[in-house]
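Source file: model-v2.txt; contents: compact mmCIF, C-alpha atoms and all ligand atoms.
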# COMPACT_ATOMS: atom_id res chain seq x y z
CA MET A 20 137.16 84.37 124.72
CA THR A 21 135.45 86.52 122.05
CA VAL A 22 132.18 88.04 123.29
CA ILE A 23 130.07 90.05 120.85
CA LEU A 24 126.92 92.03 121.67
CA GLY A 25 124.67 92.31 118.60
CA ILE A 26 122.01 95.01 118.24
CA GLU A 27 119.28 95.16 115.58
CA SER A 28 116.91 98.14 115.17
CA SER A 29 116.42 98.60 111.41
CA CYS A 30 112.64 98.39 111.30
CA ASP A 31 110.04 97.43 113.91
CA GLU A 32 111.95 94.86 115.96
CA THR A 33 114.32 95.86 118.78
CA SER A 34 116.65 92.95 119.34
CA ALA A 35 119.84 92.11 121.22
CA SER A 36 121.99 88.99 121.29
CA ILE A 37 125.20 87.70 122.83
CA CYS A 38 127.63 85.58 120.82
CA ILE A 39 130.46 83.84 122.66
CA ASP A 40 133.22 82.28 120.53
CA GLY A 41 130.88 81.91 117.56
CA LYS A 42 127.97 80.47 119.55
CA ILE A 43 124.74 82.45 119.89
CA ILE A 44 123.80 82.36 123.59
CA ASN A 45 120.52 84.26 123.37
CA ASN A 46 118.42 86.25 120.92
CA GLU A 47 115.88 88.52 122.59
CA ILE A 48 113.33 90.28 120.36
CA ALA A 49 110.86 93.02 121.37
CA SER A 50 108.25 93.24 118.60
CA GLN A 51 106.21 96.39 118.13
CA ASP A 52 102.51 95.61 117.93
CA ILE A 53 101.67 99.32 117.85
CA HIS A 54 101.97 99.40 114.01
CA ARG A 55 99.14 96.92 113.47
CA GLU A 56 96.39 99.51 113.79
CA TYR A 57 98.07 101.69 111.14
CA GLY A 58 98.39 98.93 108.51
CA GLY A 59 102.15 99.35 108.21
CA VAL A 60 105.26 100.47 110.09
CA VAL A 61 105.06 104.13 111.22
CA PRO A 62 108.71 105.30 111.32
CA GLU A 63 108.33 107.81 114.17
CA LEU A 64 106.51 105.27 116.34
CA ALA A 65 109.17 102.66 115.55
CA SER A 66 111.92 105.03 116.78
CA ARG A 67 110.03 105.74 120.01
CA GLU A 68 109.55 102.03 120.68
CA HIS A 69 113.24 101.30 120.02
CA GLN A 70 114.12 104.08 122.45
CA LYS A 71 111.94 102.45 125.13
CA ASN A 72 113.18 98.91 124.51
CA ILE A 73 116.88 99.19 123.84
CA VAL A 74 118.27 99.57 127.37
CA PRO A 75 116.15 96.82 129.00
CA ILE A 76 116.73 94.36 126.18
CA VAL A 77 120.53 94.82 126.23
CA GLU A 78 120.57 94.50 130.03
CA HIS A 79 118.47 91.37 129.71
CA VAL A 80 120.79 89.55 127.27
CA LEU A 81 123.89 90.51 129.27
CA ASN A 82 122.36 89.23 132.53
CA HIS A 83 121.02 86.09 130.90
CA ALA A 84 124.45 85.23 129.43
CA GLN A 85 126.12 86.21 132.73
CA ILE A 86 128.30 88.68 130.86
CA LYS A 87 129.47 92.00 132.34
CA PRO A 88 129.88 94.93 129.92
CA SER A 89 133.62 94.79 130.64
CA ASP A 90 133.68 91.20 129.26
CA LEU A 91 132.58 92.37 125.79
CA SER A 92 135.13 92.17 122.95
CA ALA A 93 133.10 94.28 120.47
CA ILE A 94 129.62 95.60 119.71
CA ALA A 95 127.98 94.83 116.34
CA TYR A 96 124.98 96.85 115.18
CA THR A 97 122.84 97.20 112.06
CA ARG A 98 124.13 100.18 110.09
CA GLY A 99 121.55 99.81 107.29
CA PRO A 100 119.49 99.44 105.21
CA GLY A 101 116.43 100.42 107.22
CA LEU A 102 114.47 103.35 108.63
CA LEU A 103 116.80 106.23 109.54
CA GLY A 104 115.19 107.05 112.89
CA ALA A 105 115.14 103.37 113.85
CA LEU A 106 118.77 102.80 112.81
CA LEU A 107 119.82 105.90 114.75
CA ILE A 108 118.62 104.46 118.05
CA GLY A 109 120.57 101.19 117.70
CA SER A 110 123.69 102.77 116.22
CA SER A 111 123.84 105.64 118.76
CA PHE A 112 123.40 103.20 121.62
CA ALA A 113 126.10 100.89 120.22
CA LYS A 114 128.50 103.80 119.69
CA ALA A 115 127.98 105.22 123.19
CA MET A 116 128.47 101.83 124.82
CA ALA A 117 131.53 100.92 122.71
CA ALA A 118 133.10 104.34 123.36
CA SER A 119 132.57 104.06 127.11
CA LEU A 120 134.10 100.55 127.15
CA ASN A 121 136.81 101.47 124.64
CA ILE A 122 136.08 98.40 122.47
CA PRO A 123 135.63 98.06 118.68
CA LEU A 124 132.39 98.78 116.87
CA ILE A 125 131.29 96.54 114.02
CA PRO A 126 128.76 98.01 111.55
CA VAL A 127 126.70 95.26 109.90
CA HIS A 128 124.70 95.22 106.64
CA HIS A 129 121.21 93.98 107.56
CA MET A 130 120.67 91.93 104.38
CA LYS A 131 124.09 90.29 104.58
CA ALA A 132 123.30 89.44 108.19
CA HIS A 133 120.14 87.62 107.07
CA VAL A 134 122.45 85.45 104.92
CA LEU A 135 125.00 84.94 107.70
CA ALA A 136 122.20 83.68 109.98
CA HIS A 137 123.02 80.33 108.33
CA PHE A 138 126.21 80.17 110.37
CA ILE A 139 124.35 80.22 113.70
CA GLU A 140 123.38 76.55 113.68
CA GLU A 141 124.59 73.28 112.17
CA PRO A 142 124.65 72.25 109.40
CA ARG A 143 126.39 75.30 107.96
CA PRO A 144 126.81 75.85 104.22
CA SER A 145 130.28 76.07 102.73
CA TYR A 146 131.28 78.81 100.28
CA PRO A 147 130.20 79.41 97.59
CA PHE A 148 126.47 78.88 97.97
CA ILE A 149 123.32 80.46 96.53
CA CYS A 150 121.00 82.32 98.88
CA LEU A 151 117.45 83.43 98.13
CA THR A 152 116.98 86.44 100.41
CA VAL A 153 113.33 87.32 100.78
CA SER A 154 112.08 89.99 103.17
CA GLY A 155 109.67 92.91 103.44
CA GLY A 156 112.15 95.20 101.71
CA HIS A 157 114.28 92.93 99.52
CA THR A 158 114.15 89.99 97.14
CA GLN A 159 117.55 88.87 95.93
CA ILE A 160 119.32 85.83 94.60
CA LEU A 161 122.88 85.97 95.88
CA ARG A 162 126.04 84.06 95.19
CA VAL A 163 127.72 84.02 98.61
CA ASN A 164 131.50 83.75 98.22
CA SER A 165 132.49 84.65 101.78
CA ALA A 166 131.14 86.43 104.88
CA THR A 167 131.74 89.77 103.17
CA GLU A 168 131.72 89.05 99.45
CA MET A 169 128.27 88.40 98.02
CA ASP A 170 127.27 88.93 94.35
CA ILE A 171 123.71 89.88 93.47
CA LEU A 172 122.68 87.56 90.62
CA GLY A 173 119.13 88.88 90.45
CA GLN A 174 116.76 91.11 92.42
CA THR A 175 113.33 92.66 92.35
CA LYS A 176 112.77 95.64 90.10
CA ASP A 177 109.80 96.87 92.13
CA ASP A 178 108.07 95.37 95.19
CA ALA A 179 109.80 92.89 97.48
CA VAL A 180 108.07 89.51 97.79
CA GLY A 181 107.25 90.20 101.47
CA GLU A 182 105.57 93.39 100.35
CA ALA A 183 103.62 91.39 97.74
CA PHE A 184 102.45 89.01 100.51
CA ASP A 185 101.49 91.95 102.74
CA LYS A 186 99.70 93.89 99.98
CA ALA A 187 97.78 90.79 98.85
CA ALA A 188 96.82 90.16 102.48
CA LYS A 189 95.55 93.73 102.75
CA LEU A 190 93.33 93.13 99.69
CA LEU A 191 91.90 90.13 101.56
CA GLY A 192 91.15 92.45 104.51
CA LEU A 193 93.88 91.02 106.76
CA PRO A 194 95.82 93.21 109.23
CA TYR A 195 99.49 94.16 108.78
CA PRO A 196 101.82 92.32 108.38
CA GLY A 197 99.66 89.89 106.45
CA GLY A 198 102.39 87.53 105.16
CA PRO A 199 102.23 85.14 108.14
CA MET A 200 98.41 85.21 108.05
CA ILE A 201 98.36 84.20 104.36
CA ASP A 202 100.63 81.32 105.38
CA ASP A 203 98.22 80.25 108.16
CA LEU A 204 95.11 80.54 105.98
CA ALA A 205 96.78 78.64 103.13
CA MET A 206 97.52 75.53 105.21
CA SER A 207 96.10 72.42 103.51
CA ARG A 208 93.86 74.42 101.18
CA ASN A 209 93.57 74.30 97.39
CA PRO A 210 96.44 76.33 95.89
CA THR A 211 95.19 75.89 92.34
CA ALA A 212 91.67 77.21 92.97
CA PHE A 213 92.48 80.60 91.43
CA GLU A 214 95.08 81.75 88.96
CA PHE A 215 96.79 85.13 88.72
CA THR A 216 98.93 86.60 85.97
CA LYS A 217 102.58 86.26 86.89
CA SER A 218 104.84 88.76 85.18
CA ASP A 219 108.09 87.41 83.86
CA ILE A 220 111.11 89.62 83.37
CA PRO A 221 114.47 88.70 81.87
CA GLU A 222 117.49 87.13 83.52
CA LEU A 223 117.31 86.36 87.25
CA ASP A 224 115.39 89.51 88.24
CA TYR A 225 111.91 89.67 89.73
CA SER A 226 108.87 91.91 89.43
CA PHE A 227 106.00 91.56 91.90
CA SER A 228 103.93 94.65 91.11
CA GLY A 229 102.01 92.96 88.26
CA ILE A 230 100.67 90.07 90.32
CA LYS A 231 99.37 92.49 92.95
CA THR A 232 97.36 94.31 90.23
CA SER A 233 96.17 90.99 88.86
CA ILE A 234 94.88 89.97 92.32
CA LEU A 235 93.21 93.37 92.77
CA TYR A 236 91.35 93.21 89.42
CA PHE A 237 90.36 89.59 89.98
CA LEU A 238 88.89 90.37 93.41
CA ARG A 239 87.06 93.47 92.13
CA LYS A 240 85.41 91.44 89.37
CA GLU A 241 84.36 88.63 91.72
CA ILE A 242 83.07 90.99 94.40
CA ASN A 243 80.84 92.60 91.75
CA HIS A 244 79.04 89.25 91.41
CA ASN A 245 79.19 88.23 95.04
CA GLU A 246 80.07 90.68 97.77
CA LYS A 247 80.94 87.82 100.14
CA PHE A 248 83.44 86.34 97.67
CA ILE A 249 86.53 87.00 99.80
CA GLU A 250 84.92 85.79 103.00
CA GLU A 251 83.72 82.57 101.37
CA ASN A 252 87.04 81.84 99.62
CA LYS A 253 89.62 83.28 101.99
CA HIS A 254 91.57 80.04 102.47
CA ASP A 255 91.73 79.08 98.78
CA LEU A 256 92.59 82.66 97.83
CA ALA A 257 95.46 82.71 100.34
CA ALA A 258 96.71 79.31 99.12
CA SER A 259 96.53 80.40 95.45
CA ILE A 260 98.31 83.72 96.12
CA GLN A 261 101.01 81.92 98.10
CA LEU A 262 101.57 79.32 95.37
CA SER A 263 101.84 81.99 92.65
CA LEU A 264 104.49 83.89 94.62
CA ILE A 265 106.42 80.70 95.45
CA GLU A 266 106.42 79.64 91.78
CA MET A 267 107.80 83.02 90.74
CA LEU A 268 110.57 82.70 93.34
CA MET A 269 111.45 79.10 92.47
CA ASP A 270 111.55 79.64 88.72
CA LYS A 271 114.55 82.00 89.01
CA VAL A 272 116.22 80.01 91.80
CA LYS A 273 116.33 76.94 89.55
CA LYS A 274 117.87 79.00 86.75
CA ALA A 275 120.47 80.47 89.13
CA MET A 276 121.52 77.03 90.38
CA VAL A 277 122.13 75.82 86.82
CA GLN A 278 123.83 79.06 85.74
CA GLU A 279 126.29 79.02 88.66
CA GLY A 280 126.78 75.23 88.76
CA ILE A 281 126.27 75.28 92.54
CA SER A 282 124.29 72.68 94.48
CA GLN A 283 123.96 74.40 97.88
CA ILE A 284 120.88 76.59 98.31
CA ALA A 285 119.93 78.66 101.34
CA ILE A 286 116.90 80.83 102.08
CA ALA A 287 117.00 83.87 104.32
CA GLY A 288 114.83 86.82 105.42
CA GLY A 289 111.32 87.10 106.84
CA VAL A 290 109.55 85.30 103.98
CA SER A 291 111.77 82.24 104.49
CA ALA A 292 109.51 81.59 107.50
CA ASN A 293 106.75 80.76 104.98
CA SER A 294 105.83 77.10 105.33
CA GLY A 295 104.81 76.75 101.67
CA LEU A 296 108.17 78.09 100.49
CA ARG A 297 110.06 75.86 102.93
CA ALA A 298 108.13 72.77 101.77
CA ARG A 299 108.60 73.62 98.10
CA MET A 300 112.34 74.19 98.62
CA GLU A 301 112.57 70.76 100.22
CA GLU A 302 110.76 69.12 97.30
CA GLU A 303 112.92 70.84 94.68
CA SER A 304 116.07 70.00 96.64
CA LYS A 305 115.17 66.31 96.51
CA ILE A 306 114.46 66.48 92.78
CA HIS A 307 117.66 68.39 91.89
CA ASP A 308 119.89 66.89 94.58
CA TRP A 309 120.59 70.26 96.21
CA ASP A 310 121.83 70.69 99.79
CA LEU A 311 119.22 72.93 101.39
CA PHE A 312 119.82 75.30 104.32
CA ILE A 313 116.86 76.85 106.14
CA PRO A 314 117.39 78.81 109.37
CA ASP A 315 115.36 78.21 112.50
CA PHE A 316 112.20 80.42 112.53
CA GLN A 317 113.65 82.84 115.12
CA TYR A 318 116.57 83.58 112.77
CA CYS A 319 114.40 84.13 109.65
CA THR A 320 112.65 87.36 110.62
CA ASP A 321 114.57 90.36 111.98
CA ASN A 322 116.75 89.38 114.94
CA ALA A 323 120.01 90.37 116.61
CA GLY A 324 121.35 86.80 116.59
CA MET A 325 122.25 87.30 112.93
CA ILE A 326 123.88 90.66 113.76
CA ALA A 327 125.95 89.16 116.60
CA MET A 328 127.01 86.26 114.34
CA SER A 329 127.97 88.68 111.53
CA GLY A 330 129.86 90.71 114.14
CA TYR A 331 131.75 87.60 115.22
CA LEU A 332 132.70 86.69 111.61
CA LEU A 333 133.81 90.29 110.90
CA PHE A 334 135.68 90.49 114.23
CA GLU A 335 137.69 87.43 113.16
CA GLN A 336 138.73 89.41 110.05
CA ASN A 337 139.52 92.55 112.12
CA SER A 338 136.86 94.34 110.08
CA TYR A 339 135.82 97.23 112.34
CA GLY A 340 134.05 100.55 111.93
CA ASP A 341 134.33 103.67 114.06
CA LEU A 342 132.32 106.44 115.69
CA SER A 343 132.13 108.44 112.47
CA ASP A 344 130.03 105.78 110.65
CA SER A 345 126.55 107.22 110.18
CA PRO A 346 123.50 104.98 109.68
CA LEU A 347 122.78 104.26 106.01
CA PRO A 348 119.03 103.84 105.27
CA ARG A 349 119.94 102.72 101.72
CA MET A 350 123.21 101.03 102.59
CA PRO A 351 124.76 99.76 99.34
CA PHE A 352 125.31 96.05 99.08
CA ALA A 353 128.91 96.02 97.87
O1 LIG B 401 113.13 90.11 107.21
P1 LIG B 401 111.89 90.69 107.81
O2 LIG B 401 111.48 90.26 109.17
O3 LIG B 401 111.96 92.25 107.82
C1 LIG B 401 112.53 92.97 106.79
O4 LIG B 401 113.78 93.15 106.82
O5 LIG B 401 111.76 93.33 105.87
O6 LIG B 401 110.70 90.37 106.77
C2 LIG B 401 109.39 90.80 107.01
C3 LIG B 401 108.49 90.28 105.89
C4 LIG B 401 107.08 90.83 105.97
O7 LIG B 401 106.69 91.24 104.67
C5 LIG B 401 106.27 89.63 106.43
O8 LIG B 401 104.92 89.65 105.99
C6 LIG B 401 107.02 88.50 105.78
O9 LIG B 401 108.38 88.85 105.97
N1 LIG B 401 106.75 87.20 106.45
C7 LIG B 401 106.09 86.21 105.85
C8 LIG B 401 106.00 85.16 106.81
N2 LIG B 401 106.61 85.57 107.96
C9 LIG B 401 107.08 86.83 107.71
N3 LIG B 401 105.58 86.09 104.61
C10 LIG B 401 104.96 84.94 104.29
N4 LIG B 401 104.82 83.90 105.16
C11 LIG B 401 105.34 83.96 106.41
N5 LIG B 401 105.20 82.92 107.25
ZN ZN B 402 115.18 91.82 107.65

Would you encode the structure as structure tokens?
Ligand code: KG4
Ligand code: ZN
Amino acid sequence: MTVILGIESSCDETSASICIDGKIINNEIASQDIHREYGGVVPELASREHQKNIVPIVEHVLNHAQIKPSDLSAIAYTRGPGLLGALLIGSSFAKAMAASLNIPLIPVHHMKAHVLAHFIEEPRPSYPFICLTVSGGHTQILRVNSATEMDILGQTKDDAVGEAFDKAAKLLGLPYPGGPMIDDLAMSRNPTAFEFTKSDIPELDYSFSGIKTSILYFLRKEINHNEKFIEENKHDLAASIQLSLIEMLMDKVKKAMVQEGISQIAIAGGVSANSGLRARMEEESKIHDWDLFIPDFQYCTDNAGMIAMSGYLLFEQNSYGDLSDSPLPRMPFA
């Protein structure tokens, strides 16, 4: 029996999960609401919250899965990318526990883990497949060749799309993180009510800083005429912003599918929880005859299930780390 404990602490979610023989048994997430009042994640506060949450959450998943520490085969943890102080809590805990049990440590790349979340539930994609990875820190189109080998076909040159959602939400006066609130407000509203300038850059890369400026200038102009403009048009504004961002994402995804001659598409990362993006992906998949893979909501945003699953896949390949691995806030992809 292979039993992996997965630990995630790269940003503002402390999470632990148990994977037994490739099956995720549980996925416990302690979210940190404390950052809301600051309009963004405060690194020092994130570290303190991780420190508070890590022991109880690990105890909880072990008890729930009826696993004793001595039953563990290995411990997988997020090595990076992420906030240094946050990564330090998860990695130090994982190292101490693995050292005391004398079992292997498996360092995991957070963004690759978002992709490998597709192996948690059926149906699973087969290699190679294309994955659109969209989170608060990253926007990438990947060609996934194996659990470890992933080529970046295109990526953002400035803001991540999650950041674009959050910054647009802030302009609408919504609290952090605003992405899910834009999604809620946009439900069954008119997505073509307003239009924003979408910047286009060559190849399969993205740029989301221009659309943020376009939204800002548009709102400033309208508020000059009517100071209640945002309040009166909040839903249509959210729907229009969401559609613009989805169109930018889909434009490059379609090109990537043709370029690579691949018909399996997956979406991963926090923004893949967006209902507009999920619906649009389904429509395009029908049109182009793609096989579409979308993870369950709990495995879209940051979670340890994806870390435990990555740990399992790496364990199978005997791909271990050791106590000298330091956290890598800007962990390289290759
Ligand atoms: O992957 P994730 O949980 O954390 C990072 O690794 O960044 O992604 C968080 C991002 C945030 O920008 C959040 O606003 C966005 O994902 N997000 C959404 C939705 N749910 C989360 N954006 C749009 N619609 C959603 N439903
Ligand atoms: Zn993430």

If you count only C-alpha atoms and all ligand atoms, which residues end up within 6 Å of ligand ZN 402 (chain B), as a tab-separated table (two decimals) with C-alpha atoms, in the frame of the given file?
chain	number	residue	atom	x	y	z
A	154	SER	CA	112.08	89.99	103.17
A	288	GLY	CA	114.83	86.82	105.42
A	320	THR	CA	112.65	87.36	110.62
A	321	ASP	CA	114.57	90.36	111.98

* Protein and nucleic acid residues within 10 Å of ligand LIG 401 (chain B) (all atoms listed in the file) as JSON, numbers by chain -> {"A": [29, 30, 31, 32, 59, 100, 101, 129, 130, 133, 152, 153, 154, 155, 156, 157, 158, 179, 180, 181, 182, 183, 184, 185, 186, 188, 195, 196, 197, 198, 199, 200, 201, 202, 203, 205, 261, 264, 265, 287, 288, 289, 290, 291, 292, 293, 294, 295, 296, 297, 316, 317, 318, 319, 320, 321, 322]}

For those residues, write C-alpha atoms to a file as a PDB file, in the coordinates of the input.
ATOM      1  CA  SER A  29     116.420  98.600 111.410  1.00  0.00           C
ATOM      2  CA  CYS A  30     112.640  98.390 111.300  1.00  0.00           C
ATOM      3  CA  ASP A  31     110.040  97.430 113.910  1.00  0.00           C
ATOM      4  CA  GLU A  32     111.950  94.860 115.960  1.00  0.00           C
ATOM      5  CA  GLY A  59     102.150  99.350 108.210  1.00  0.00           C
ATOM      6  CA  PRO A 100     119.490  99.440 105.210  1.00  0.00           C
ATOM      7  CA  GLY A 101     116.430 100.420 107.220  1.00  0.00           C
ATOM      8  CA  HIS A 129     121.210  93.980 107.560  1.00  0.00           C
ATOM      9  CA  MET A 130     120.670  91.930 104.380  1.00  0.00           C
ATOM     10  CA  HIS A 133     120.140  87.620 107.070  1.00  0.00           C
ATOM     11  CA  THR A 152     116.980  86.440 100.410  1.00  0.00           C
ATOM     12  CA  VAL A 153     113.330  87.320 100.780  1.00  0.00           C
ATOM     13  CA  SER A 154     112.080  89.990 103.170  1.00  0.00           C
ATOM     14  CA  GLY A 155     109.670  92.910 103.440  1.00  0.00           C
ATOM     15  CA  GLY A 156     112.150  95.200 101.710  1.00  0.00           C
ATOM     16  CA  HIS A 157     114.280  92.930  99.520  1.00  0.00           C
ATOM     17  CA  THR A 158     114.150  89.990  97.140  1.00  0.00           C
ATOM     18  CA  ALA A 179     109.800  92.890  97.480  1.00  0.00           C
ATOM     19  CA  VAL A 180     108.070  89.510  97.790  1.00  0.00           C
ATOM     20  CA  GLY A 181     107.250  90.200 101.470  1.00  0.00           C
ATOM     21  CA  GLU A 182     105.570  93.390 100.350  1.00  0.00           C
ATOM     22  CA  ALA A 183     103.620  91.390  97.740  1.00  0.00           C
ATOM     23  CA  PHE A 184     102.450  89.010 100.510  1.00  0.00           C
ATOM     24  CA  ASP A 185     101.490  91.950 102.740  1.00  0.00           C
ATOM     25  CA  LYS A 186      99.700  93.890  99.980  1.00  0.00           C
ATOM     26  CA  ALA A 188      96.820  90.160 102.480  1.00  0.00           C
ATOM     27  CA  TYR A 195      99.490  94.160 108.780  1.00  0.00           C
ATOM     28  CA  PRO A 196     101.820  92.320 108.380  1.00  0.00           C
ATOM     29  CA  GLY A 197      99.660  89.890 106.450  1.00  0.00           C
ATOM     30  CA  GLY A 198     102.390  87.530 105.160  1.00  0.00           C
ATOM     31  CA  PRO A 199     102.230  85.140 108.140  1.00  0.00           C
ATOM     32  CA  MET A 200      98.410  85.210 108.050  1.00  0.00           C
ATOM     33  CA  ILE A 201      98.360  84.200 104.360  1.00  0.00           C
ATOM     34  CA  ASP A 202     100.630  81.320 105.380  1.00  0.00           C
ATOM     35  CA  ASP A 203      98.220  80.250 108.160  1.00  0.00           C
ATOM     36  CA  ALA A 205      96.780  78.640 103.130  1.00  0.00           C
ATOM     37  CA  GLN A 261     101.010  81.920  98.100  1.00  0.00           C
ATOM     38  CA  LEU A 264     104.490  83.890  94.620  1.00  0.00           C
ATOM     39  CA  ILE A 265     106.420  80.700  95.450  1.00  0.00           C
ATOM     40  CA  ALA A 287     117.000  83.870 104.320  1.00  0.00           C
ATOM     41  CA  GLY A 288     114.830  86.820 105.420  1.00  0.00           C
ATOM     42  CA  GLY A 289     111.320  87.100 106.840  1.00  0.00           C
ATOM     43  CA  VAL A 290     109.550  85.300 103.980  1.00  0.00           C
ATOM     44  CA  SER A 291     111.770  82.240 104.490  1.00  0.00           C
ATOM     45  CA  ALA A 292     109.510  81.590 107.500  1.00  0.00           C
ATOM     46  CA  ASN A 293     106.750  80.760 104.980  1.00  0.00           C
ATOM     47  CA  SER A 294     105.830  77.100 105.330  1.00  0.00           C
ATOM     48  CA  GLY A 295     104.810  76.750 101.670  1.00  0.00           C
ATOM     49  CA  LEU A 296     108.170  78.090 100.490  1.00  0.00           C
ATOM     50  CA  ARG A 297     110.060  75.860 102.930  1.00  0.00           C
ATOM     51  CA  PHE A 316     112.200  80.420 112.530  1.00  0.00           C
ATOM     52  CA  GLN A 317     113.650  82.840 115.120  1.00  0.00           C
ATOM     53  CA  TYR A 318     116.570  83.580 112.770  1.00  0.00           C
ATOM     54  CA  CYS A 319     114.400  84.130 109.650  1.00  0.00           C
ATOM     55  CA  THR A 320     112.650  87.360 110.620  1.00  0.00           C
ATOM     56  CA  ASP A 321     114.570  90.360 111.980  1.00  0.00           C
ATOM     57  CA  ASN A 322     116.750  89.380 114.940  1.00  0.00           C
TER      58      ASN A 322
END

* Interatomic distance between atom CA of Cys150 of chain A and atom CA of Leu102 of chain A? -> 24.1 Å

For segment 209-214 of chain A, please output as a short mmCIF file (atom, residue, chain, number, x, y, z; two decimals) with C-alpha atoms, in the frame of the given file all residues within 9 Å (counting all atoms listed in the file; exclusion window: fewer than 5 positions along the same chain).
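And here is the file that came out, result-v1.cif:
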data_model
loop_
_atom_site.label_atom_id
_atom_site.label_comp_id
_atom_site.auth_asym_id
_atom_site.auth_seq_id
_atom_site.Cartn_x
_atom_site.Cartn_y
_atom_site.Cartn_z
CA ILE A 234 94.88 89.97 92.32
CA HIS A 254 91.57 80.04 102.47
CA ASP A 255 91.73 79.08 98.78
CA LEU A 256 92.59 82.66 97.83
CA ALA A 257 95.46 82.71 100.34
CA ALA A 258 96.71 79.31 99.12
CA SER A 259 96.53 80.40 95.45
CA ILE A 260 98.31 83.72 96.12
CA GLN A 261 101.01 81.92 98.10
CA LEU A 262 101.57 79.32 95.37
CA SER A 263 101.84 81.99 92.65
#

* How many Å separate atom CA of Ser233 of chain A from atom CA of Lys271 of chain A? ->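 Interatomic distance here is 20.5 Å.
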
* Asked: Restricting the calculation to all atoms listed in the file, which member of A:Gln51, A:Ser111, A:Thr21, A:Gln159 is positioned closest to Tyr331 of chain A?
  -> A:Thr21

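For the residues A:Tyr339, A:Phe352, A:Phe334, A:Phe312, ranking by smallest atom-to-atom distance to Ile149 of chain A using all atoms listed in the file places A:Phe312 first.
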
* **Contacts of Phe148 of chain A within 6 Å, all atoms listed in the file, excl. fewer than 2 positions in-chain, as a PyMOL selection string** => chain A and resi 146+162-163+283

Just C-alpha atoms for this one: save the residues we selected as a PDB file, keeping the file's coordinate frame.
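Contents of again.pdb, freshly written:
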ATOM      1  CA  TYR A 146     131.280  78.810 100.280  1.00  0.00           C
ATOM      2  CA  ARG A 162     126.040  84.060  95.190  1.00  0.00           C
ATOM      3  CA  VAL A 163     127.720  84.020  98.610  1.00  0.00           C
ATOM      4  CA  GLN A 283     123.960  74.400  97.880  1.00  0.00           C
TER       5      GLN A 283
END

With a distance cut-off of 6 Å and all atoms listed in the file, select the neighbouring residues of Ser34 of chain A, excluding the residue or stretch itself and same-chain residues fewer than 2 positions from it, and output the selection as a CSV table (one decimal) with C-alpha atoms, keeping the file's coordinate frame.
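Contents of the output file part17.csv:
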chain,number,residue,atom,x,y,z
A,26,ILE,CA,122.0,95.0,118.2
A,27,GLU,CA,119.3,95.2,115.6
A,47,GLU,CA,115.9,88.5,122.6
A,48,ILE,CA,113.3,90.3,120.4
A,322,ASN,CA,116.8,89.4,114.9
A,323,ALA,CA,120.0,90.4,116.6

Residues at most 8 Å from Ile230 of chain A, counting all atoms listed in the file, excluding those fewer than 2 positions away in the same chain, as a compact mmCIF listing (two decimals) with C-alpha atoms, in the coordinates of the input?
# COMPACT_ATOMS: atom_id res chain seq x y z
CA PHE A 215 96.79 85.13 88.72
CA THR A 216 98.93 86.60 85.97
CA LYS A 217 102.58 86.26 86.89
CA SER A 218 104.84 88.76 85.18
CA PHE A 227 106.00 91.56 91.90
CA SER A 228 103.93 94.65 91.11
CA THR A 232 97.36 94.31 90.23
CA SER A 233 96.17 90.99 88.86
CA ILE A 234 94.88 89.97 92.32

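With atom CA of Leu223 of chain A on one side and atom CA of Lys274 of chain A on the other, the separation reads 7.4 Å.
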
Could you please give me, as a short mmCIF file (atom, residue, chain, number, x, y, z; two decimals) with C-alpha atoms, in the coordinates of the input, the residues of protein, DNA or RNA lying at most 8 Å from (122.1, 89.5, 90.2) in the coordinate frame of the file, considering all atoms listed in the file?
data_model
loop_
_atom_site.label_atom_id
_atom_site.label_comp_id
_atom_site.auth_asym_id
_atom_site.auth_seq_id
_atom_site.Cartn_x
_atom_site.Cartn_y
_atom_site.Cartn_z
CA GLN A 159 117.55 88.87 95.93
CA ILE A 160 119.32 85.83 94.60
CA LEU A 161 122.88 85.97 95.88
CA ASP A 170 127.27 88.93 94.35
CA ILE A 171 123.71 89.88 93.47
CA LEU A 172 122.68 87.56 90.62
CA GLY A 173 119.13 88.88 90.45
CA GLN A 174 116.76 91.11 92.42
CA LEU A 223 117.31 86.36 87.25
CA ASP A 224 115.39 89.51 88.24
#

* Given the choices A:Leu311, A:Ala327, A:Ala65, A:Ile249, which gets closest to Met276 of chain A if the distance is worked out from only C-alpha atoms? ->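 Selected residue with least distance to Met276 of chain A: A:Leu311.
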
* Asked: Out of A:Met269, A:Val77, A:Leu64, A:Ile220, which residue has the shortest atom-to-atom distance to Gly104 of chain A when counting only C-alpha atoms?
  ->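 Among A:Met269, A:Val77, A:Leu64, A:Ile220, it is A:Leu64 that comes nearest to Gly104 of chain A.
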
* Structure fact -> Closest of A:Gly324, A:Gly41, A:Pro147, A:Gly58 to Glu279 of chain A, counting only C-alpha atoms, is A:Pro147
